[in-house]
Amino acid sequence: MTGVARLDTRTKNLTKRLEPGDIAVIDHEDLDRVAAEALLEAKPSAVLNASPSTSGRYPNLGPGILLAAGVPLIDDLGTGIFSVTEGDTLRVDPEGNVYAGEVLIANGIWQTEQSNARNMEEARKGMPAQLKAFASNTMEFVEKEQDLILDGIGMPDIRTQFQNRHALVVVRGYQFKEDLQALKHYIREYRPIIIGVDGGADAILEAGLKLDMIVGDMDSVSDKALRSGAEIVVHAYRDGRAPGRKRVEDLGVEHLVFPATGTSEDIAMLLADAKGAKLIVAVGTHSTLIEYMDKGRRGMASTFLTRLQVGSKLIDAKGVSQLYRTRISNWQISLLIAAGVFAIGAAMVSTAAGQIVIDLMQVWWSDLVHWVKGMFR
């Protein structure tokens with residue numbers, strides 16, 4: 001198996017430039033579902049992972065998604081795989097050896113659905129330890145951010161008016177694009193304040209919707225979104241460090257910095273709640289135990305507590321696109337169209353007006369045939 005190498009230690013950055021047929025070279029321990037689905041969308045010929053795609057901490061879903069779609073996954077190749085240059089042609093053999101030309105670059109483990117099933121079974125045994133760590137992190141987070149969560153103390157002054165309005169928070173999560181499309185009727189009717197959390201901002205623009213606010217560390221949102229006129233809230237660490245500040249300053253766009261522990265999606269929901277939003281509709285946000293694990297254990301506590309705080313206002317739109325699917329199949333639609341055409345034809349044959357139309361169509365067809373024949377004489 002051969003392909004052009006595309007490399008990045010951050011999977012979400014790689015998927016932006018990955019082309020169909022390329023070989024994706026990543027360094028992503030515990031490959032999560034969102035990253036796997038983004039890779040699948042780019043249609044790579046294979047995925048080479050410098051790290052183990054499943055470390056055993058918890059049963060992550062990413063490897064299974066790639067393997068079920070038939071995408072080869074070679075695991076645990078080590079950092080040596082990043083010695084190749086982007087654009088090099090790589091070759092992978094059935095033993096998991098990776099070559100650039102005739103030079104052996106790395107050797108890894110060729111994963112299969114059977115090996116992944118074994119990995120998942122082992123990973124489930126690590127869940128009790130993860131739950132204990134979650135409880136510890138929750139208490140730590142409560143001590144640091146209880147004023148912010150319970151009373152909204154420290155919330156920045158913003159120009160966006162949330163009072164008595166709906167807020168739609170869009171995160172780059174599971175099925176976020178499909179769910180956003182399914183909510184278009186709701187958006188047209190209620191006109192909520194639309195908040196994009198990092199890459200979710202671009203999904204909003206791609207759906208043809210107006211973006212009101214962007215919240216995040218600005219590492220996965222496009223320049224187009226940042227220049228869209230939306231209010232920008234740069235999520236910073238508690239000590240004031242804000243890696244995304246320089247980027248928005250370089251673009252020359254107005255922004256404010258909000259130092260807070262937790263994740264950007266938590267900040268977006270807490271901000272909408274504190275500023276008087278009547279209802280918060282969440283798309284692509286994290287809500288299950290596996291999703292918390294996918295985010296990383298340090299982010300689990302803030303998300304859990306945030307949902308407890310805004311729970312009376314929160315409506316999770318996850319999976320709304322799967323809630324109802326039409327039961328009319330393609331062949332039924334084709335049959336319906338055929339029946340309609342037959343009915344129109346029968347009406348035309350049985351009426352005087354229809355006969356005239358048929359005669360005119362025959363004349364038009366005869367003229368067309370005559371004209372085509374004349375082109376070749």
# chains A, B, ... in the order shown; residues from 1 in each chain; ligands from 1
$ residues_around --residues "Asn13 of chain A" --least-positions-apart "6" --cutoff "12 Å" --atoms "only C-alpha atoms" --output "JSON, numbers by chain"
{"A": [6, 7, 24, 25, 26, 27, 35, 38, 39, 199, 219, 220, 221, 222]}
$ closest_residue --among "A:Leu305, A:Met155, A:Ile74, A:Ile204" --to "Gly96 of chain A" --atoms "only C-alpha atoms"
A:Ile74
$ residues_around --residues "Arg245 of chain A" --least-positions-apart "2" --cutoff "12 Å" --atoms "only C-alpha atoms" --output "MDAnalysis selection string"
chainID A and resid 215:219 226 232:237 240:243 247:259
$ write_last_selection --atoms "N, CA, C and O atoms" --output "compact mmCIF listing (two decimals), in the first residue's frame"
# COMPACT_ATOMS: atom_id res chain seq x y z
N VAL A 215 -16.27 31.50 20.94
CA VAL A 215 -15.61 31.28 22.22
C VAL A 215 -14.60 30.16 22.04
O VAL A 215 -14.92 29.11 21.46
N GLY A 216 -13.38 30.35 22.52
CA GLY A 216 -12.40 29.28 22.43
C GLY A 216 -10.98 29.77 22.52
O GLY A 216 -10.73 30.97 22.71
N ASP A 217 -10.04 28.83 22.35
CA ASP A 217 -8.63 29.21 22.37
C ASP A 217 -8.12 29.54 20.99
O ASP A 217 -6.94 29.79 20.79
N MET A 218 -9.01 29.51 20.00
CA MET A 218 -8.75 30.00 18.63
C MET A 218 -7.73 29.16 17.87
O MET A 218 -7.12 29.62 16.91
N ASP A 219 -7.58 27.89 18.24
CA ASP A 219 -6.59 27.06 17.57
C ASP A 219 -7.16 26.31 16.37
O ASP A 219 -6.41 25.81 15.53
N LEU A 226 -13.17 34.36 12.16
CA LEU A 226 -12.73 35.41 13.07
C LEU A 226 -13.00 36.79 12.51
O LEU A 226 -13.16 37.75 13.27
N ILE A 232 -15.80 38.04 19.77
CA ILE A 232 -14.79 37.02 20.02
C ILE A 232 -14.39 37.04 21.49
O ILE A 232 -13.99 38.07 22.03
N VAL A 233 -14.53 35.86 22.13
CA VAL A 233 -14.11 35.68 23.52
C VAL A 233 -12.98 34.66 23.54
O VAL A 233 -13.19 33.48 23.25
N VAL A 234 -11.77 35.13 23.85
CA VAL A 234 -10.60 34.25 23.89
C VAL A 234 -10.53 33.59 25.26
O VAL A 234 -10.42 34.28 26.28
N HIS A 235 -10.61 32.28 25.27
CA HIS A 235 -10.54 31.52 26.53
C HIS A 235 -9.09 31.42 26.96
O HIS A 235 -8.24 30.90 26.23
N ALA A 236 -8.80 31.91 28.17
CA ALA A 236 -7.44 31.91 28.70
C ALA A 236 -7.35 31.01 29.92
O ALA A 236 -8.36 30.63 30.52
N TYR A 237 -6.10 30.66 30.29
CA TYR A 237 -5.88 29.92 31.52
C TYR A 237 -6.12 30.85 32.72
O TYR A 237 -6.14 32.07 32.58
N GLY A 240 -3.87 33.76 33.33
CA GLY A 240 -3.89 34.85 32.37
C GLY A 240 -3.29 34.52 31.02
O GLY A 240 -3.44 35.28 30.05
N ARG A 241 -2.59 33.39 30.91
CA ARG A 241 -2.01 33.01 29.62
C ARG A 241 -3.11 32.69 28.62
O ARG A 241 -4.02 31.91 28.95
N ALA A 242 -3.00 33.27 27.43
CA ALA A 242 -4.02 33.06 26.40
C ALA A 242 -3.32 32.81 25.07
O ALA A 242 -2.99 33.76 24.34
N PRO A 243 -3.04 31.54 24.73
CA PRO A 243 -2.32 31.24 23.49
C PRO A 243 -3.01 31.80 22.24
O PRO A 243 -2.35 32.10 21.25
N ARG A 247 -3.05 35.46 17.96
CA ARG A 247 -3.63 35.25 16.63
C ARG A 247 -4.68 36.30 16.31
O ARG A 247 -4.69 36.88 15.23
N VAL A 248 -5.59 36.57 17.24
CA VAL A 248 -6.64 37.56 16.97
C VAL A 248 -6.06 38.96 16.92
O VAL A 248 -6.55 39.82 16.18
N GLU A 249 -5.00 39.20 17.71
CA GLU A 249 -4.34 40.51 17.64
C GLU A 249 -3.68 40.70 16.28
O GLU A 249 -3.74 41.81 15.70
N ASP A 250 -3.04 39.66 15.76
CA ASP A 250 -2.41 39.75 14.44
C ASP A 250 -3.44 40.00 13.34
O ASP A 250 -3.14 40.67 12.34
N LEU A 251 -4.64 39.45 13.52
CA LEU A 251 -5.70 39.67 12.54
C LEU A 251 -6.34 41.05 12.70
O LEU A 251 -7.06 41.50 11.80
N GLY A 252 -6.08 41.69 13.82
CA GLY A 252 -6.63 43.01 14.05
C GLY A 252 -8.11 43.03 14.34
O GLY A 252 -8.79 44.03 14.06
N VAL A 253 -8.64 41.95 14.91
CA VAL A 253 -10.07 41.89 15.22
C VAL A 253 -10.30 42.17 16.69
O VAL A 253 -9.49 41.80 17.55
N GLU A 254 -11.42 42.83 16.99
CA GLU A 254 -11.75 43.16 18.36
C GLU A 254 -12.06 41.89 19.13
O GLU A 254 -12.70 40.97 18.63
N HIS A 255 -11.64 41.84 20.39
CA HIS A 255 -11.84 40.63 21.19
C HIS A 255 -11.73 40.97 22.66
O HIS A 255 -11.28 42.06 23.04
N LEU A 256 -12.13 40.03 23.50
CA LEU A 256 -11.89 40.13 24.93
C LEU A 256 -11.36 38.79 25.42
O LEU A 256 -11.60 37.75 24.80
N VAL A 257 -10.64 38.81 26.54
CA VAL A 257 -10.01 37.61 27.09
C VAL A 257 -10.72 37.24 28.38
O VAL A 257 -10.97 38.09 29.24
N PHE A 258 -11.06 35.93 28.49
CA PHE A 258 -11.79 35.44 29.66
C PHE A 258 -10.98 34.33 30.31
O PHE A 258 -10.98 33.19 29.84
N PRO A 259 -10.26 34.60 31.41
CA PRO A 259 -9.50 33.55 32.11
C PRO A 259 -10.44 32.67 32.93
O PRO A 259 -11.19 33.17 33.76
$ residues_around --residues "Gly21 of chain A" --least-positions-apart "2" --cutoff "12 Å" --atoms "only C-alpha atoms" --output "list in words"
Met1, Thr2, Gly3, Val4, Ala5, Arg6, Leu18, Glu19, Ile23, Ala24, Leu39, Leu40, Glu41, Ala42, Lys43, Pro44, Ser45, Ala46, Val47, Val71, Pro72, Thr89 and Leu90 of chain A
$ write_last_selection --atoms "N, CA and C atoms" --output "PDB file, in the first residue's frame"
ATOM      1  N   MET A   1       0.846  -1.171   0.000  1.00  0.00           N
ATOM      2  CA  MET A   1       0.000   0.000   0.000  1.00  0.00           C
ATOM      3  C   MET A   1       0.888   1.228   0.000  1.00  0.00           C
ATOM      4  N   THR A   2       0.628   2.176  -0.903  1.00  0.00           N
ATOM      5  CA  THR A   2       1.430   3.387  -0.999  1.00  0.00           C
ATOM      6  C   THR A   2       0.519   4.612  -0.987  1.00  0.00           C
ATOM      7  N   GLY A   3       1.117   5.757  -0.652  1.00  0.00           N
ATOM      8  CA  GLY A   3       0.376   7.013  -0.652  1.00  0.00           C
ATOM      9  C   GLY A   3       1.287   8.155  -0.263  1.00  0.00           C
ATOM     10  N   VAL A   4       0.808   9.373  -0.499  1.00  0.00           N
ATOM     11  CA  VAL A   4       1.563  10.576  -0.148  1.00  0.00           C
ATOM     12  C   VAL A   4       1.371  10.871   1.340  1.00  0.00           C
ATOM     13  N   ALA A   5       2.454  11.153   2.039  1.00  0.00           N
ATOM     14  CA  ALA A   5       2.402  11.389   3.480  1.00  0.00           C
ATOM     15  C   ALA A   5       1.936  12.801   3.794  1.00  0.00           C
ATOM     16  N   ARG A   6       0.995  12.902   4.734  1.00  0.00           N
ATOM     17  CA  ARG A   6       0.596  14.182   5.329  1.00  0.00           C
ATOM     18  C   ARG A   6       0.768  14.025   6.835  1.00  0.00           C
ATOM     19  N   LEU A  18      -5.687  17.203   4.457  1.00  0.00           N
ATOM     20  CA  LEU A  18      -5.601  15.813   4.016  1.00  0.00           C
ATOM     21  C   LEU A  18      -6.464  15.605   2.779  1.00  0.00           C
ATOM     22  N   GLU A  19      -5.901  14.994   1.745  1.00  0.00           N
ATOM     23  CA  GLU A  19      -6.597  14.734   0.488  1.00  0.00           C
ATOM     24  C   GLU A  19      -6.929  13.248   0.362  1.00  0.00           C
ATOM     25  N   ILE A  23      -1.780   9.278   2.901  1.00  0.00           N
ATOM     26  CA  ILE A  23      -1.551   8.526   4.133  1.00  0.00           C
ATOM     27  C   ILE A  23      -1.426   9.534   5.274  1.00  0.00           C
ATOM     28  N   ALA A  24      -2.322   9.429   6.236  1.00  0.00           N
ATOM     29  CA  ALA A  24      -2.334  10.345   7.381  1.00  0.00           C
ATOM     30  C   ALA A  24      -1.356   9.850   8.435  1.00  0.00           C
ATOM     31  N   LEU A  39     -11.073  12.252  10.115  1.00  0.00           N
ATOM     32  CA  LEU A  39     -10.155  11.550   9.213  1.00  0.00           C
ATOM     33  C   LEU A  39     -10.918  10.821   8.114  1.00  0.00           C
ATOM     34  N   LEU A  40     -11.992  10.139   8.496  1.00  0.00           N
ATOM     35  CA  LEU A  40     -12.791   9.414   7.505  1.00  0.00           C
ATOM     36  C   LEU A  40     -13.333  10.337   6.430  1.00  0.00           C
ATOM     37  N   GLU A  41     -13.755  11.529   6.841  1.00  0.00           N
ATOM     38  CA  GLU A  41     -14.318  12.486   5.891  1.00  0.00           C
ATOM     39  C   GLU A  41     -13.305  12.873   4.817  1.00  0.00           C
ATOM     40  N   ALA A  42     -12.004  12.851   5.183  1.00  0.00           N
ATOM     41  CA  ALA A  42     -10.945  13.195   4.233  1.00  0.00           C
ATOM     42  C   ALA A  42     -10.552  12.028   3.330  1.00  0.00           C
ATOM     43  N   LYS A  43     -11.040  10.814   3.622  1.00  0.00           N
ATOM     44  CA  LYS A  43     -10.813   9.616   2.802  1.00  0.00           C
ATOM     45  C   LYS A  43      -9.323   9.279   2.614  1.00  0.00           C
ATOM     46  N   PRO A  44      -8.571   9.079   3.698  1.00  0.00           N
ATOM     47  CA  PRO A  44      -7.176   8.679   3.551  1.00  0.00           C
ATOM     48  C   PRO A  44      -7.070   7.210   3.143  1.00  0.00           C
ATOM     49  N   SER A  45      -5.940   6.842   2.550  1.00  0.00           N
ATOM     50  CA  SER A  45      -5.733   5.434   2.196  1.00  0.00           C
ATOM     51  C   SER A  45      -5.296   4.624   3.410  1.00  0.00           C
ATOM     52  N   ALA A  46      -4.728   5.301   4.418  1.00  0.00           N
ATOM     53  CA  ALA A  46      -4.314   4.630   5.651  1.00  0.00           C
ATOM     54  C   ALA A  46      -4.030   5.680   6.710  1.00  0.00           C
ATOM     55  N   VAL A  47      -4.025   5.244   7.958  1.00  0.00           N
ATOM     56  CA  VAL A  47      -3.676   6.120   9.084  1.00  0.00           C
ATOM     57  C   VAL A  47      -2.520   5.476   9.834  1.00  0.00           C
ATOM     58  N   VAL A  71     -10.505   1.476   6.692  1.00  0.00           N
ATOM     59  CA  VAL A  71      -9.277   2.272   6.611  1.00  0.00           C
ATOM     60  C   VAL A  71      -8.182   1.573   7.422  1.00  0.00           C
ATOM     61  N   PRO A  72      -7.073   1.188   6.802  1.00  0.00           N
ATOM     62  CA  PRO A  72      -5.989   0.530   7.538  1.00  0.00           C
ATOM     63  C   PRO A  72      -5.438   1.437   8.633  1.00  0.00           C
ATOM     64  N   THR A  89       6.402   9.870  -0.643  1.00  0.00           N
ATOM     65  CA  THR A  89       5.585   8.690  -0.897  1.00  0.00           C
ATOM     66  C   THR A  89       5.991   7.586   0.064  1.00  0.00           C
ATOM     67  N   LEU A  90       5.019   7.098   0.833  1.00  0.00           N
ATOM     68  CA  LEU A  90       5.287   6.035   1.792  1.00  0.00           C
ATOM     69  C   LEU A  90       4.718   4.724   1.289  1.00  0.00           C
TER      70      LEU A  90
END
$ select_by_dssp --residues "segment 26-229 of chain A" --states "helix (DSSP H, G or I)" --output "PyMOL selection string"
chain A and resi 33-42+62-68+79-83+113-124+127-151+176-182+184-190+200-206+223-226
$ closest_residue --among "A:Ser115, A:Ser53, A:Ser264, A:Asn60" --to "Leu77 of chain A" --atoms "only C-alpha atoms"
A:Ser53
$ residues_around --residues "Leu31 of chain A" --least-positions-apart "3" --cutoff "9 Å" --atoms "only C-alpha atoms" --output "VMD selection string"
chain A and resid 28 34 to 36 52 to 54 60 to 63 294
$ closest_residue --among "A:Asn97, A:Gln175, A:Thr9, A:Asn107" --to "Lys318 of chain A" --atoms "only C-alpha atoms"
A:Gln175
